[in-house]
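Asker: Could you have a look at this structure, given as structure tokens, before my questions?
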Amino acid sequence: MRLRTVIFAPALGLLLACSGSPGGTGGSGGTGGSAGTGGSAGTGGSAGVPRVGDTWEEVYTCLRGSECLGENIAITVVLVQNGANVDWEVTGGQDEGSTYSGMLTGDSFDWQSTGSTPFETGCWEFNSAADAFNKRSEGTDFVCIGIGSRGSGSDPDPSGLLLDCAELAAVGPIDYGACPPAPPAAPEQ
């Protein structure tokens with residue numbers, strides 16, 4: 001997966017195949033939402049519901065089969081409301097400029113790449129405080145997991161939960177087409 005800065009305008013890309021497609025897309029566009037860090041007034045009604053308009057930091061790891069496409073790749077993303085959709089773009093890190101768009105339903109954000117960004121589809125699952133998310137994504141020939149946190153400069157993985165490539169390859173089957181559990185659970189669970 002790529003490290004990304006998400007600006008809710010389709011974005012977020014991966015370096016060589018993490019958080020996105022091995023061709024350079026990554027996945028982690030996120031909405032944020034509680035009053036507090038970042039405090040946006042985007043979509044979502046109550047505190048604890050993810051909202052758009054915030055900057056998010058993400059780290060991700062990607063595999064193509066057992067080949068490591070990148071691990072602990074850091075990106076910055078910003079989420080932007082676009083009608084009924086939420087868009088995000090990687091604003092910092094690998095694959096800067098990659099774009100994504102999706103739907104936010106409750107604490108789940110299902111998205112896919114847009115424009116010239118290599119194909120990738122994924123889901124972010126936010127915690128109840130809407131200040132962190134776990135990510136799973138897949139492209140044509142790669143898969144990624146990631147962890148994100150609200151706020152520019154925030155540490156998305158302070159507990160060191162994100163698996164490296166060898167650890168991820170050793171984990172049993174993961175349904176990359178399904179949303180991961182919300183933090184504090186690890187994204188591969």
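Residue numbers start at 1 in each chain; chains themselves are named A, B, ... in the order of the structure tokens; ligands are numbered from 1 in the order shown.
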Within region 55-186 of chain A, find each residue whose DSSP state, derived from the backbone, is helix (DSSP H, G or I), and express the selection as a list in words.

Answerer: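 DSSP-assigned helix (DSSP H, G or I) residues in region 55-186 of chain A: Cys165, Ala166, Glu167, Leu168, Ala169 and Ala170 of chain A.
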
Asker: Just to be explicit: take each residue in the selection above, keep all heavy atoms, and write the result as a short mmCIF file (atom, residue, chain, number, x, y, z; two decimals), in the first residue's frame.

Answerer:
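Produced file part09.cif, reproduced below:
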```cif
data_model
loop_
_atom_site.label_atom_id
_atom_site.label_comp_id
_atom_site.auth_asym_id
_atom_site.auth_seq_id
_atom_site.Cartn_x
_atom_site.Cartn_y
_atom_site.Cartn_z
N CYS A 165 6.14 -7.24 5.83
CA CYS A 165 5.80 -8.16 4.74
C CYS A 165 5.88 -9.63 5.13
O CYS A 165 4.98 -10.41 4.81
CB CYS A 165 6.69 -7.88 3.53
SG CYS A 165 6.32 -6.34 2.68
N ALA A 166 6.93 -10.03 5.82
CA ALA A 166 7.09 -11.43 6.20
C ALA A 166 5.96 -11.87 7.14
O ALA A 166 5.40 -12.96 6.98
CB ALA A 166 8.45 -11.66 6.85
N GLU A 167 5.61 -11.00 8.08
CA GLU A 167 4.53 -11.32 9.02
C GLU A 167 3.20 -11.41 8.29
O GLU A 167 2.40 -12.32 8.54
CB GLU A 167 4.45 -10.27 10.12
CG GLU A 167 5.66 -10.25 11.04
CD GLU A 167 5.70 -9.03 11.93
OE1 GLU A 167 5.26 -7.94 11.51
OE2 GLU A 167 6.20 -9.16 13.07
N LEU A 168 2.94 -10.48 7.37
CA LEU A 168 1.69 -10.48 6.63
C LEU A 168 1.58 -11.73 5.75
O LEU A 168 0.52 -12.36 5.69
CB LEU A 168 1.56 -9.21 5.79
CG LEU A 168 0.27 -9.07 4.98
CD1 LEU A 168 -0.97 -9.15 5.88
CD2 LEU A 168 0.28 -7.75 4.21
N ALA A 169 2.67 -12.10 5.10
CA ALA A 169 2.66 -13.29 4.24
C ALA A 169 2.40 -14.56 5.05
O ALA A 169 1.85 -15.53 4.52
CB ALA A 169 3.98 -13.40 3.48
N ALA A 170 2.78 -14.56 6.33
CA ALA A 170 2.63 -15.75 7.17
C ALA A 170 1.23 -15.87 7.78
O ALA A 170 0.87 -16.94 8.28
CB ALA A 170 3.66 -15.72 8.29
#
```

Asker: Quick one: everything within 7 Å of Glu125 (chain A), counting only C-alpha atoms, minus sequence neighbours fewer than 4 positions away in the same chain. Send it as a PDB file with C-alpha atoms, in the first residue's frame.

Answerer:
```pdb
ATOM      1  CA  ASP A 107     -17.874   3.990  10.503  1.00  0.00           C
ATOM      2  CA  SER A 108     -17.063   2.215   7.192  1.00  0.00           C
ATOM      3  CA  PHE A 109     -15.546   3.997   4.189  1.00  0.00           C
ATOM      4  CA  PHE A 133      -8.884   3.635  11.135  1.00  0.00           C
ATOM      5  CA  ASN A 134      -7.738   0.249   9.886  1.00  0.00           C
ATOM      6  CA  LYS A 135      -7.481  -0.381   6.154  1.00  0.00           C
ATOM      7  CA  CYS A 179     -13.682  -4.053   5.901  1.00  0.00           C
ATOM      8  CA  PRO A 180     -11.204  -4.827   8.682  1.00  0.00           C
ATOM      9  CA  PRO A 181     -12.173  -4.579  12.343  1.00  0.00           C
ATOM     10  CA  ALA A 182     -11.953  -1.096  13.873  1.00  0.00           C
TER      11      ALA A 182
END
```

Asker: I'd like to know which of A:Gly106, A:Gly65, A:Gly151, A:Gly160 is closest to Val77 (chain A), using only C-alpha atoms.

Answerer: A:Gly151

Asker: I'd like the contact shell of region 111-123 of chain A - 6 Å cut-off, only C-alpha atoms, skipping same-chain residues fewer than 2 positions apart - returned as an NGL selection string.

Answerer: :A and (20-21 or 25 or 98-102 or 109 or 135-139 or 179)
